[in-house]
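Q: Could you have a look at this structure, given as C-alpha cells, before my questions?
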Amino acid sequence: MSGYGVPEVVATGLRFPEGPVAMPDGSVLLVEIARGTLTRIAPDGGLSVVAELGGGPNGLAIGPDGAAYVCNNGGFEWIEAGSLLFPGHAANAEACGSIQRVDLTTGAVTTLYDSFESERLKGPNDIVFDTTGGFWFTDHGQVRDTGRDHGAVYYATADGSKISRQRADMMGPNGIGLSPDRNTLYVSETMTARVWAMDVVAPGELAPPPPWAPGHFVGTPPAFRLLDSMAIEKSGRICVGTMVEGGITIFDPDSGGSEFVPLPDVGITNIAFGGADQRDAYITASTTGTLYRVRWPRPGLIVN
C-alpha cells in the first residue's frame with residue numbers, strides 16, 4: 001500500500017454497512033443493510049440511528065435539498081459464516097425494491113419510486129446525483145430460487161415525478177459514478193467484474209450503447225474479484241470496492257490499467273471521500289461490519 005495510509009477503524013459492530021457519505025460536521029452517514037437503518041457515525045465512533053428504513057437499504061447520497069436518498073433492495077436472507085456476514089438470496093419471493101427519501105432533521109421516510117412502467121424495482125443498489133438535481137441509480141437485481149434478475153440503470157428526478165430506464169439487461173450493475181466533467185457515467189458490474197463508461201448526452205439521457213455491450217469497456221481486475229460500489233478521484237480515476245480479494249481497485253479510464261489496494265476484509269463494498277482536503281477515504285468492510293478511514297494520496301471528487 002505504498003502511498004496509502006494505514007487503515008484506521010472508525011466504527012465496528014455494524015450490520016453489513018454500505019453507502020458511506022462524509023458529512024460537513026465530521027460524522028459519516030451510511031446504511032446498514034442487515035439492520036435496515038440509516039445510521040450516523042459520530043467522529044468518536046458512536047452510532048445513532050437516523051431512520052428505520054426496513055427492507056435492505058443499500059446505497060446512499062445526499063440530494064441538493066439536504067435530504068438523504070436511499071436505494072433499498074428490498075432485503076436479503078443472511079448467511080453467518082463464523083464472525084462474517086454475507087447476503088444471500090432475496091428475502092421476498094416478489095420484487096419490492098424502492099428509492100426512499102429521508103429528512104435528516106426529522107427522520108421522516110418517504111418512498112419516491114418503487115416501480116418503472118408498472119414493473120417493480122428489483123434491487124436498487126447505488127446512486128449518484130448530477131448537477132441538475134436529478135440522480136442516476138443502478139438496479140442490481142436480486143437472486144431468487146427461480147434465478148437471477150439482470151438489472152438496469154435508471155435516471156430519476158428528486159421530486160418523485162419522473163423515472164426513466166436508460167440501460168437495460170446489464171449483468172448485475174452495482175457501483176455508479178460520474179466523471180469530473182459529468183459527461184461520462186461509470187457503472188460496475190459485480191459478477192462480470194467489468195467497469196463500463198457511458199456517454200451522457202443530456203441530463204438523464206445516455207447515448208445508445210455499442211453492439212454487444214452496455215457501454216465502452218474500461219477495465220476488469222487481473223484476478224478473480226467481484227466489483228461493488230465506486231467513487232471518483234478528482235483526477236478522473238475510478239475507485240471501486242472489491243470483494244473476494246478485499247480492497248479497492250483503481251482504474252485509469254484512459255488506459256484501462258488498474259492498481260489494487262488490499263484491505264482486511266473479503267467484502268470491501270464502498271468508498272467515499274471527505275475531509276478538508278478530500279483525501280480521507282471512508283471505506284466499508286461489510287462482512288466484518290467495519291468502517292475504515294484511509295489517507296489517500298490523491299483527492300477525491302465530492303459529488304454531494
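Please note that chains go A, B, ... in the order of the C-alpha cells, that every chain numbers its residues from 1, and that ligands are numbered from 1 in the order shown.
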Quick one: contact table of region 67-180 of chain A to region 49-58 of chain A, 9 Å max, nearest atom pair and distance in Å to one decimal per residue, counting only C-alpha atoms, chain and number order, as a Markdown table?

A:
```
| residue | atom | partner | partner_atom | distance |
| --- | --- | --- | --- | --- |
| A:Val70 | CA | A:Pro57 | CA | 6.4 |
| A:Cys71 | CA | A:Asn58 | CA | 5.5 |
| A:Asn72 | CA | A:Pro57 | CA | 4.1 |
| A:Asn73 | CA | A:Gly56 | CA | 5.0 |
| A:Gly74 | CA | A:Gly55 | CA | 4.3 |
| A:Gly75 | CA | A:Gly56 | CA | 3.9 |
| A:Phe76 | CA | A:Gly56 | CA | 6.7 |
| A:Ala91 | CA | A:Gly55 | CA | 8.6 |
| A:Cys96 | CA | A:Gly55 | CA | 8.3 |
| A:Gly97 | CA | A:Gly55 | CA | 8.0 |
| A:Gln100 | CA | A:Leu53 | CA | 8.2 |
| A:Val102 | CA | A:Ala51 | CA | 7.4 |
| A:Asp103 | CA | A:Ala51 | CA | 8.9 |
| A:Leu104 | CA | A:Val50 | CA | 7.0 |
| A:Thr105 | CA | A:Val50 | CA | 8.7 |
| A:Thr106 | CA | A:Val50 | CA | 8.5 |
| A:Gly107 | CA | A:Ala51 | CA | 5.1 |
| A:Ala108 | CA | A:Ala51 | CA | 7.2 |
| A:Val109 | CA | A:Leu53 | CA | 7.3 |
| A:Gly123 | CA | A:Asn58 | CA | 8.7 |
| A:Pro124 | CA | A:Asn58 | CA | 7.3 |
| A:Asn125 | CA | A:Asn58 | CA | 5.2 |
| A:Asp126 | CA | A:Asn58 | CA | 6.8 |
```

Q: Contacts of Thr111 (chain A) at 8 Å or less, counting only C-alpha atoms, minus same-chain residues fewer than 4 places along, as a ChimeraX atom specification?

A: /A:98-101

Q: Could you please take those selected residues and save N, CA, C and O atoms as a CSV table (one decimal), in the first residue's frame?

A:
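Written file, result20.csv:
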```
chain,number,residue,atom,x,y,z
A,98,SER,N,-37.0,-0.1,-3.8
A,98,SER,CA,-37.6,1.2,-3.9
A,98,SER,C,-36.5,2.3,-3.7
A,98,SER,O,-35.3,1.9,-3.4
A,99,ILE,N,-36.8,3.5,-4.0
A,99,ILE,CA,-36.0,4.7,-3.7
A,99,ILE,C,-36.7,5.5,-2.6
A,99,ILE,O,-37.8,5.8,-2.8
A,100,GLN,N,-35.9,5.7,-1.5
A,100,GLN,CA,-36.5,6.4,-0.4
A,100,GLN,C,-35.8,7.7,-0.1
A,100,GLN,O,-34.6,7.9,-0.4
A,101,ARG,N,-36.6,8.7,0.4
A,101,ARG,CA,-36.0,10.0,0.8
A,101,ARG,C,-36.2,10.1,2.3
A,101,ARG,O,-37.2,9.8,2.9
```

Q: For Thr269 (chain A), find every residue with an atom within 10 Å (counting only C-alpha atoms), except residues of its own chain fewer than 6 positions away, and show them as a compact mmCIF listing (two decimals) with N, CA and C atoms, in the first residue's frame.

A:
```txt
# COMPACT_ATOMS: atom_id res chain seq x y z
N PHE A 16 -23.52 -5.15 8.05
CA PHE A 16 -23.29 -5.03 6.62
C PHE A 16 -23.48 -3.58 6.16
N PRO A 17 -22.55 -2.70 6.55
CA PRO A 17 -22.64 -1.29 6.17
C PRO A 17 -22.31 -1.07 4.70
N GLU A 18 -22.98 -0.10 4.10
CA GLU A 18 -22.66 0.34 2.73
C GLU A 18 -22.99 1.83 2.62
N GLY A 19 -22.67 2.42 1.45
CA GLY A 19 -23.08 3.77 1.12
C GLY A 19 -22.57 4.88 2.01
N ASN A 174 -23.89 -2.40 -10.35
CA ASN A 174 -23.74 -2.15 -8.92
C ASN A 174 -23.30 -0.71 -8.67
N GLY A 175 -21.99 -0.44 -8.71
CA GLY A 175 -21.50 0.90 -8.46
C GLY A 175 -21.81 1.84 -9.61
N LEU A 226 -14.76 -9.60 -7.38
CA LEU A 226 -16.08 -9.07 -7.68
C LEU A 226 -16.08 -7.58 -7.36
N LEU A 227 -16.79 -6.80 -8.18
CA LEU A 227 -16.79 -5.35 -8.03
C LEU A 227 -18.08 -4.86 -7.41
N ASP A 228 -17.95 -3.85 -6.56
CA ASP A 228 -19.11 -3.27 -5.87
C ASP A 228 -19.21 -1.78 -6.22
N SER A 229 -19.39 -0.93 -5.23
CA SER A 229 -19.65 0.49 -5.48
C SER A 229 -18.36 1.27 -5.69
N MET A 230 -18.51 2.55 -6.11
CA MET A 230 -17.35 3.30 -6.55
C MET A 230 -17.38 4.75 -6.08
N VAL A 240 -13.02 1.45 -7.00
CA VAL A 240 -14.14 0.52 -6.90
C VAL A 240 -13.92 -0.45 -5.73
N GLY A 241 -14.91 -0.55 -4.85
CA GLY A 241 -14.87 -1.56 -3.80
C GLY A 241 -14.81 -2.95 -4.41
N THR A 242 -13.94 -3.78 -3.84
CA THR A 242 -13.62 -5.07 -4.46
C THR A 242 -13.73 -6.19 -3.44
N MET A 243 -14.39 -7.27 -3.84
CA MET A 243 -14.65 -8.39 -2.94
C MET A 243 -13.93 -9.65 -3.42
N GLY A 246 -10.34 -8.68 -0.90
CA GLY A 246 -10.91 -7.42 -0.48
C GLY A 246 -9.96 -6.25 -0.64
N GLY A 247 -10.47 -5.15 -1.17
CA GLY A 247 -9.67 -3.95 -1.31
C GLY A 247 -10.35 -2.95 -2.22
N ILE A 248 -9.57 -2.01 -2.72
CA ILE A 248 -10.05 -1.02 -3.67
C ILE A 248 -9.26 -1.19 -4.96
N ILE A 283 -14.23 3.77 3.90
CA ILE A 283 -14.38 2.50 3.19
C ILE A 283 -15.16 1.53 4.07
N THR A 284 -16.21 0.91 3.50
CA THR A 284 -17.00 -0.06 4.25
C THR A 284 -16.45 -1.47 4.02
N ALA A 285 -16.11 -2.11 5.12
CA ALA A 285 -15.72 -3.52 5.14
C ALA A 285 -16.95 -4.28 5.65
N SER A 286 -17.78 -4.73 4.73
CA SER A 286 -19.15 -5.09 5.10
C SER A 286 -19.27 -6.41 5.84
N THR A 287 -18.49 -7.43 5.46
CA THR A 287 -18.68 -8.73 6.10
C THR A 287 -18.23 -8.74 7.55
```

Q: Based on the backbone DSSP call, show me all residues of region 25-234 of chain A assigned strand (DSSP E), as a ChimeraX atom specification.

A: /A:28-32,37-41,47-52,57-62,68-72,76-81,84-90,98-102,109-113,115-116,119-120,124-129,135-139,143-144,147-148,152-156,163-168,173-178,184-189,194-202,205-206,216-219,226-232

Q: Can you write out the residues you just picked, keeping C-alpha atoms, as an mmCIF file, in the first residue's frame?

A:
```
data_model
loop_
_atom_site.group_PDB
_atom_site.id
_atom_site.type_symbol
_atom_site.label_atom_id
_atom_site.label_comp_id
_atom_site.auth_asym_id
_atom_site.auth_seq_id
_atom_site.Cartn_x
_atom_site.Cartn_y
_atom_site.Cartn_z
ATOM 1 C CA VAL A 28 -20.368 9.772 8.433
ATOM 2 C CA LEU A 29 -23.780 8.625 7.282
ATOM 3 C CA LEU A 30 -24.203 5.088 5.989
ATOM 4 C CA VAL A 31 -26.804 2.392 5.622
ATOM 5 C CA GLU A 32 -26.787 -0.960 7.413
ATOM 6 C CA THR A 37 -31.326 1.528 9.043
ATOM 7 C CA LEU A 38 -29.792 4.822 8.044
ATOM 8 C CA THR A 39 -27.052 5.250 10.639
ATOM 9 C CA ARG A 40 -24.822 8.146 11.675
ATOM 10 C CA ILE A 41 -21.250 7.525 12.838
ATOM 11 C CA LEU A 47 -23.531 5.062 16.431
ATOM 12 C CA SER A 48 -27.030 6.545 16.222
ATOM 13 C CA VAL A 49 -29.974 5.534 14.072
ATOM 14 C CA VAL A 50 -31.289 8.366 11.902
ATOM 15 C CA ALA A 51 -34.163 6.405 10.366
ATOM 16 C CA GLU A 52 -35.644 2.909 10.288
ATOM 17 C CA PRO A 57 -31.056 -0.100 2.343
ATOM 18 C CA ASN A 58 -28.095 -0.482 0.008
ATOM 19 C CA GLY A 59 -26.895 2.889 -1.364
ATOM 20 C CA LEU A 60 -26.977 6.472 -0.162
ATOM 21 C CA ALA A 61 -26.467 10.018 -1.449
ATOM 22 C CA ILE A 62 -27.291 13.500 -0.199
ATOM 23 C CA ALA A 68 -30.730 11.575 2.159
ATOM 24 C CA TYR A 69 -31.763 9.463 -0.829
ATOM 25 C CA VAL A 70 -31.553 5.718 -0.342
ATOM 26 C CA CYS A 71 -31.552 2.767 -2.737
ATOM 27 C CA ASN A 72 -33.446 -0.029 -0.974
ATOM 28 C CA PHE A 76 -31.737 -10.292 1.758
ATOM 29 C CA GLU A 77 -31.608 -13.581 3.539
ATOM 30 C CA TRP A 78 -28.375 -13.588 5.553
ATOM 31 C CA ILE A 79 -25.602 -16.148 5.930
ATOM 32 C CA GLU A 80 -23.468 -16.218 9.091
ATOM 33 C CA ALA A 81 -20.009 -17.689 8.458
ATOM 34 C CA LEU A 84 -18.529 -12.816 8.923
ATOM 35 C CA LEU A 85 -21.919 -11.854 7.488
ATOM 36 C CA PHE A 86 -22.863 -12.439 3.835
ATOM 37 C CA PRO A 87 -26.014 -11.571 1.863
ATOM 38 C CA GLY A 88 -27.822 -14.482 0.241
ATOM 39 C CA HIS A 89 -30.975 -14.740 -1.842
ATOM 40 C CA ALA A 90 -33.720 -12.127 -1.795
ATOM 41 C CA SER A 98 -37.573 1.241 -3.856
ATOM 42 C CA ILE A 99 -35.954 4.666 -3.726
ATOM 43 C CA GLN A 100 -36.523 6.385 -0.383
ATOM 44 C CA ARG A 101 -36.035 9.979 0.800
ATOM 45 C CA VAL A 102 -35.094 10.663 4.415
ATOM 46 C CA VAL A 109 -39.086 8.472 5.360
ATOM 47 C CA THR A 110 -40.879 8.859 2.017
ATOM 48 C CA THR A 111 -40.944 6.326 -0.824
ATOM 49 C CA LEU A 112 -40.254 8.206 -4.077
ATOM 50 C CA TYR A 113 -40.223 5.297 -6.536
ATOM 51 C CA SER A 115 -41.596 0.796 -9.997
ATOM 52 C CA PHE A 116 -40.989 1.771 -13.601
ATOM 53 C CA GLU A 119 -42.707 -3.099 -13.243
ATOM 54 C CA ARG A 120 -41.438 -3.241 -9.664
ATOM 55 C CA PRO A 124 -31.828 -0.667 -6.244
ATOM 56 C CA ASN A 125 -28.197 -0.527 -5.235
ATOM 57 C CA ASP A 126 -26.162 2.657 -5.758
ATOM 58 C CA ILE A 127 -26.932 6.295 -6.545
ATOM 59 C CA VAL A 128 -25.253 9.498 -7.725
ATOM 60 C CA PHE A 129 -26.674 12.992 -8.284
ATOM 61 C CA PHE A 135 -29.965 11.208 -9.914
ATOM 62 C CA TRP A 136 -28.730 8.067 -11.616
ATOM 63 C CA PHE A 137 -29.132 4.735 -9.866
ATOM 64 C CA THR A 138 -28.421 1.102 -10.502
ATOM 65 C CA ASP A 139 -30.883 -1.717 -10.004
ATOM 66 C CA VAL A 143 -31.167 -13.707 -6.767
ATOM 67 C CA ARG A 144 -34.111 -15.969 -6.024
ATOM 68 C CA GLY A 147 -32.886 -17.433 -10.934
ATOM 69 C CA ARG A 148 -31.140 -14.051 -11.135
ATOM 70 C CA ALA A 152 -30.666 -1.916 -15.212
ATOM 71 C CA VAL A 153 -29.559 1.714 -14.940
ATOM 72 C CA TYR A 154 -32.202 4.378 -14.255
ATOM 73 C CA TYR A 155 -32.444 8.156 -14.020
ATOM 74 C CA ALA A 156 -34.975 9.930 -11.829
ATOM 75 C CA ILE A 163 -38.156 7.978 -13.790
ATOM 76 C CA SER A 164 -36.633 6.524 -16.960
ATOM 77 C CA ARG A 165 -34.739 3.325 -17.701
ATOM 78 C CA GLN A 166 -31.577 4.279 -19.561
ATOM 79 C CA ARG A 167 -29.761 0.964 -19.874
ATOM 80 C CA ALA A 168 -31.460 -2.423 -19.565
ATOM 81 C CA PRO A 173 -24.975 -3.287 -12.302
ATOM 82 C CA ASN A 174 -23.741 -2.148 -8.915
ATOM 83 C CA GLY A 175 -21.496 0.900 -8.460
ATOM 84 C CA ILE A 176 -22.295 4.128 -10.286
ATOM 85 C CA GLY A 177 -20.403 7.406 -10.615
ATOM 86 C CA LEU A 178 -19.885 10.450 -12.822
ATOM 87 C CA THR A 184 -19.479 10.167 -18.587
ATOM 88 C CA LEU A 185 -21.397 7.763 -16.385
ATOM 89 C CA TYR A 186 -19.403 4.835 -14.986
ATOM 90 C CA VAL A 187 -21.071 1.598 -13.909
ATOM 91 C CA SER A 188 -19.505 -1.522 -12.403
ATOM 92 C CA GLU A 189 -20.989 -4.995 -12.824
ATOM 93 C CA ARG A 194 -16.267 -5.107 -15.506
ATOM 94 C CA VAL A 195 -16.409 -1.315 -15.429
ATOM 95 C CA TRP A 196 -18.290 0.399 -18.257
ATOM 96 C CA ALA A 197 -18.314 4.028 -19.427
ATOM 97 C CA MET A 198 -21.471 5.527 -20.939
ATOM 98 C CA ASP A 199 -21.745 8.908 -22.650
ATOM 99 C CA VAL A 200 -24.196 11.360 -21.071
ATOM 100 C CA VAL A 201 -25.697 13.343 -23.962
ATOM 101 C CA ALA A 202 -28.263 15.355 -21.957
ATOM 102 C CA GLU A 205 -30.064 10.648 -21.135
ATOM 103 C CA LEU A 206 -27.377 8.213 -22.297
ATOM 104 C CA HIS A 216 -17.392 1.484 -23.570
ATOM 105 C CA PHE A 217 -15.261 -1.092 -21.751
ATOM 106 C CA VAL A 218 -12.974 0.487 -19.118
ATOM 107 C CA GLY A 219 -11.342 -2.476 -17.407
ATOM 108 C CA LEU A 226 -16.076 -9.072 -7.682
ATOM 109 C CA LEU A 227 -16.787 -5.350 -8.030
ATOM 110 C CA ASP A 228 -19.107 -3.275 -5.874
ATOM 111 C CA SER A 229 -19.646 0.485 -5.481
ATOM 112 C CA MET A 230 -17.346 3.302 -6.552
ATOM 113 C CA ALA A 231 -16.054 6.811 -6.020
ATOM 114 C CA ILE A 232 -14.199 9.004 -8.491
#
```

Q: Which of these, A:Asn270, A:Gln142, A:Ser83, A:Gln278, has the shortest distance to Leu291 (chain A) once you count only C-alpha atoms?

A: A:Asn270

Q: Please determine, counting only C-alpha atoms, which residue among A:Gly204, A:Met170, A:Ala93, A:Lys122 has the shortest atom-to-atom distance to Gly134 (chain A).

A: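 Ranked by minimum distance to Gly134 (chain A), first place goes to A:Gly204.
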
Q: For Ala11 (chain A), which residue among A:Gly133, A:Gly46, A:Gly172, A:Gly257 is the nearest when counting only C-alpha atoms?

A: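 For Ala11 (chain A), the nearest of the candidates is A:Gly46.
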
Q: So which residues touch Gly274 (chain A) within 9 Å, counting only C-alpha atoms, skipping near sequence neighbours fewer than 3 positions away, as a ChimeraX atom specification?

A: /A:21-24,26,277-282,299-302

Q: Go ahead and write the selection's residues with all heavy atoms as a CSV table (one decimal), in the first residue's frame.

A:
```
chain,number,residue,atom,x,y,z
A,21,VAL,N,-21.2,8.3,3.4
A,21,VAL,CA,-21.2,9.7,3.0
A,21,VAL,C,-20.6,10.6,4.1
A,21,VAL,O,-21.1,10.6,5.2
A,21,VAL,CB,-22.6,10.3,2.6
A,21,VAL,CG1,-22.5,11.8,2.3
A,21,VAL,CG2,-23.2,9.5,1.5
A,22,ALA,N,-19.4,11.2,3.8
A,22,ALA,CA,-18.8,12.1,4.8
A,22,ALA,C,-19.6,13.4,4.9
A,22,ALA,O,-19.8,14.1,3.9
A,22,ALA,CB,-17.3,12.3,4.4
A,23,MET,N,-20.0,13.8,6.1
A,23,MET,CA,-20.8,15.0,6.3
A,23,MET,C,-19.9,16.1,6.8
A,23,MET,O,-18.8,15.9,7.3
A,23,MET,CB,-21.9,14.7,7.3
A,23,MET,CG,-22.8,13.5,6.9
A,23,MET,SD,-23.7,13.8,5.4
A,23,MET,CE,-24.9,15.0,6.0
A,24,PRO,N,-20.4,17.4,6.6
A,24,PRO,CA,-19.6,18.5,6.9
A,24,PRO,C,-19.2,18.6,8.4
A,24,PRO,O,-18.2,19.2,8.8
A,24,PRO,CB,-20.5,19.7,6.5
A,24,PRO,CG,-21.4,19.2,5.5
A,24,PRO,CD,-21.6,17.7,5.8
A,26,GLY,N,-18.2,16.3,10.3
A,26,GLY,CA,-17.2,15.3,10.7
A,26,GLY,C,-17.8,13.9,10.9
A,26,GLY,O,-17.1,12.9,11.1
A,277,ASP,N,-9.3,18.2,2.8
A,277,ASP,CA,-8.6,18.1,1.5
A,277,ASP,C,-9.1,17.0,0.6
A,277,ASP,O,-8.5,16.7,-0.4
A,277,ASP,CB,-7.1,17.9,1.8
A,277,ASP,CG,-6.8,16.7,2.6
A,277,ASP,OD1,-7.7,15.9,2.9
A,277,ASP,OD2,-5.6,16.4,2.9
A,278,GLN,N,-10.2,16.4,1.0
A,278,GLN,CA,-10.9,15.4,0.2
A,278,GLN,C,-10.0,14.2,0.0
A,278,GLN,O,-10.1,13.4,-1.0
A,278,GLN,CB,-11.3,16.0,-1.1
A,278,GLN,CG,-12.3,17.1,-1.0
A,278,GLN,CD,-12.7,17.8,-2.3
A,278,GLN,OE1,-12.5,17.2,-3.3
A,278,GLN,NE2,-13.2,19.0,-2.2
A,279,ARG,N,-9.1,13.9,1.0
A,279,ARG,CA,-8.2,12.8,0.9
A,279,ARG,C,-8.4,11.8,2.0
A,279,ARG,O,-7.7,10.8,2.1
A,279,ARG,CB,-6.7,13.2,0.9
A,279,ARG,CG,-6.3,13.9,-0.4
A,279,ARG,CD,-4.8,14.3,-0.3
A,279,ARG,NE,-4.0,13.2,0.2
A,279,ARG,CZ,-2.8,13.4,0.9
A,279,ARG,NH1,-2.4,14.6,1.2
A,279,ARG,NH2,-2.1,12.4,1.3
A,280,ASP,N,-9.5,11.9,2.8
A,280,ASP,CA,-9.9,10.9,3.7
A,280,ASP,C,-10.9,10.0,3.0
A,280,ASP,O,-12.0,10.4,2.6
A,280,ASP,CB,-10.6,11.5,4.9
A,280,ASP,CG,-9.7,12.2,5.9
A,280,ASP,OD1,-8.5,11.9,5.9
A,280,ASP,OD2,-10.1,13.1,6.6
A,281,ALA,N,-10.4,8.7,2.8
A,281,ALA,CA,-11.3,7.7,2.1
A,281,ALA,C,-12.0,6.9,3.2
A,281,ALA,O,-11.3,6.2,4.0
A,281,ALA,CB,-10.4,6.8,1.2
A,282,TYR,N,-13.3,7.0,3.2
A,282,TYR,CA,-14.1,6.2,4.1
A,282,TYR,C,-14.6,4.9,3.3
A,282,TYR,O,-15.2,5.0,2.3
A,282,TYR,CB,-15.3,7.0,4.6
A,282,TYR,CG,-14.9,8.1,5.5
A,282,TYR,CD1,-14.7,9.4,5.0
A,282,TYR,CD2,-14.7,7.9,6.9
A,282,TYR,CE1,-14.3,10.4,5.9
A,282,TYR,CE2,-14.3,8.9,7.7
A,282,TYR,CZ,-14.1,10.2,7.2
A,282,TYR,OH,-13.7,11.2,8.0
A,299,PRO,N,-6.7,13.6,-4.0
A,299,PRO,CA,-8.1,14.0,-3.5
A,299,PRO,C,-9.2,13.3,-4.3
A,299,PRO,O,-9.0,13.0,-5.5
A,299,PRO,CB,-8.1,15.5,-3.7
A,299,PRO,CG,-7.1,15.7,-4.8
A,299,PRO,CD,-6.0,14.7,-4.6
A,300,GLY,N,-10.3,13.1,-3.7
A,300,GLY,CA,-11.5,12.5,-4.3
A,300,GLY,C,-12.4,13.6,-4.8
A,300,GLY,O,-12.3,14.8,-4.4
A,301,LEU,N,-13.3,13.2,-5.7
A,301,LEU,CA,-14.3,14.1,-6.2
A,301,LEU,C,-15.5,14.1,-5.3
A,301,LEU,O,-16.1,13.0,-5.0
A,301,LEU,CB,-14.7,13.7,-7.6
A,301,LEU,CG,-15.7,14.6,-8.4
A,301,LEU,CD1,-15.0,15.9,-8.7
A,301,LEU,CD2,-16.1,13.9,-9.6
A,302,ILE,N,-15.9,15.2,-4.7
A,302,ILE,CA,-17.0,15.3,-3.8
A,302,ILE,C,-18.3,15.6,-4.7
A,302,ILE,O,-18.3,16.6,-5.4
A,302,ILE,CB,-16.8,16.4,-2.7
A,302,ILE,CG1,-15.5,16.2,-2.0
A,302,ILE,CG2,-18.0,16.4,-1.8
A,302,ILE,CD1,-15.5,14.9,-1.2
```

Q: Which is closest to Pro20 (chain A) among A:Val303, A:Met191, A:Ala272, A:Val294, if we use only C-alpha atoms?

A: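 Residue with the minimum atom-to-atom distance to Pro20 (chain A): A:Ala272.
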
Q: From the list A:Asp149, A:Asp25, A:Ala158, A:Asp130, which residue is nearest Ala276 (chain A) when using only C-alpha atoms?

A: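 Result for the nearest residue to Ala276 (chain A): A:Asp25.
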
Q: Can you work out which one of A:Gly82, A:Pro180, A:Gly289, A:Gly36 has the shortest atom-to-atom distance to Glu233 (chain A), counting only C-alpha atoms?

A: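 Result for the nearest residue to Glu233 (chain A): A:Pro180.
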
Q: I'd like the interatomic distance between CA of Trp296 (chain A) and CA of Gly45 (chain A), to a tenth of an Å.

A: 20.3 Å

Q: Rounded to one decimal, what separation in Å do you get between CA of Met171 (chain A) and CA of Phe251 (chain A)?

A: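 CA of Phe251 (chain A) lies 19.5 Å from CA of Met171 (chain A).
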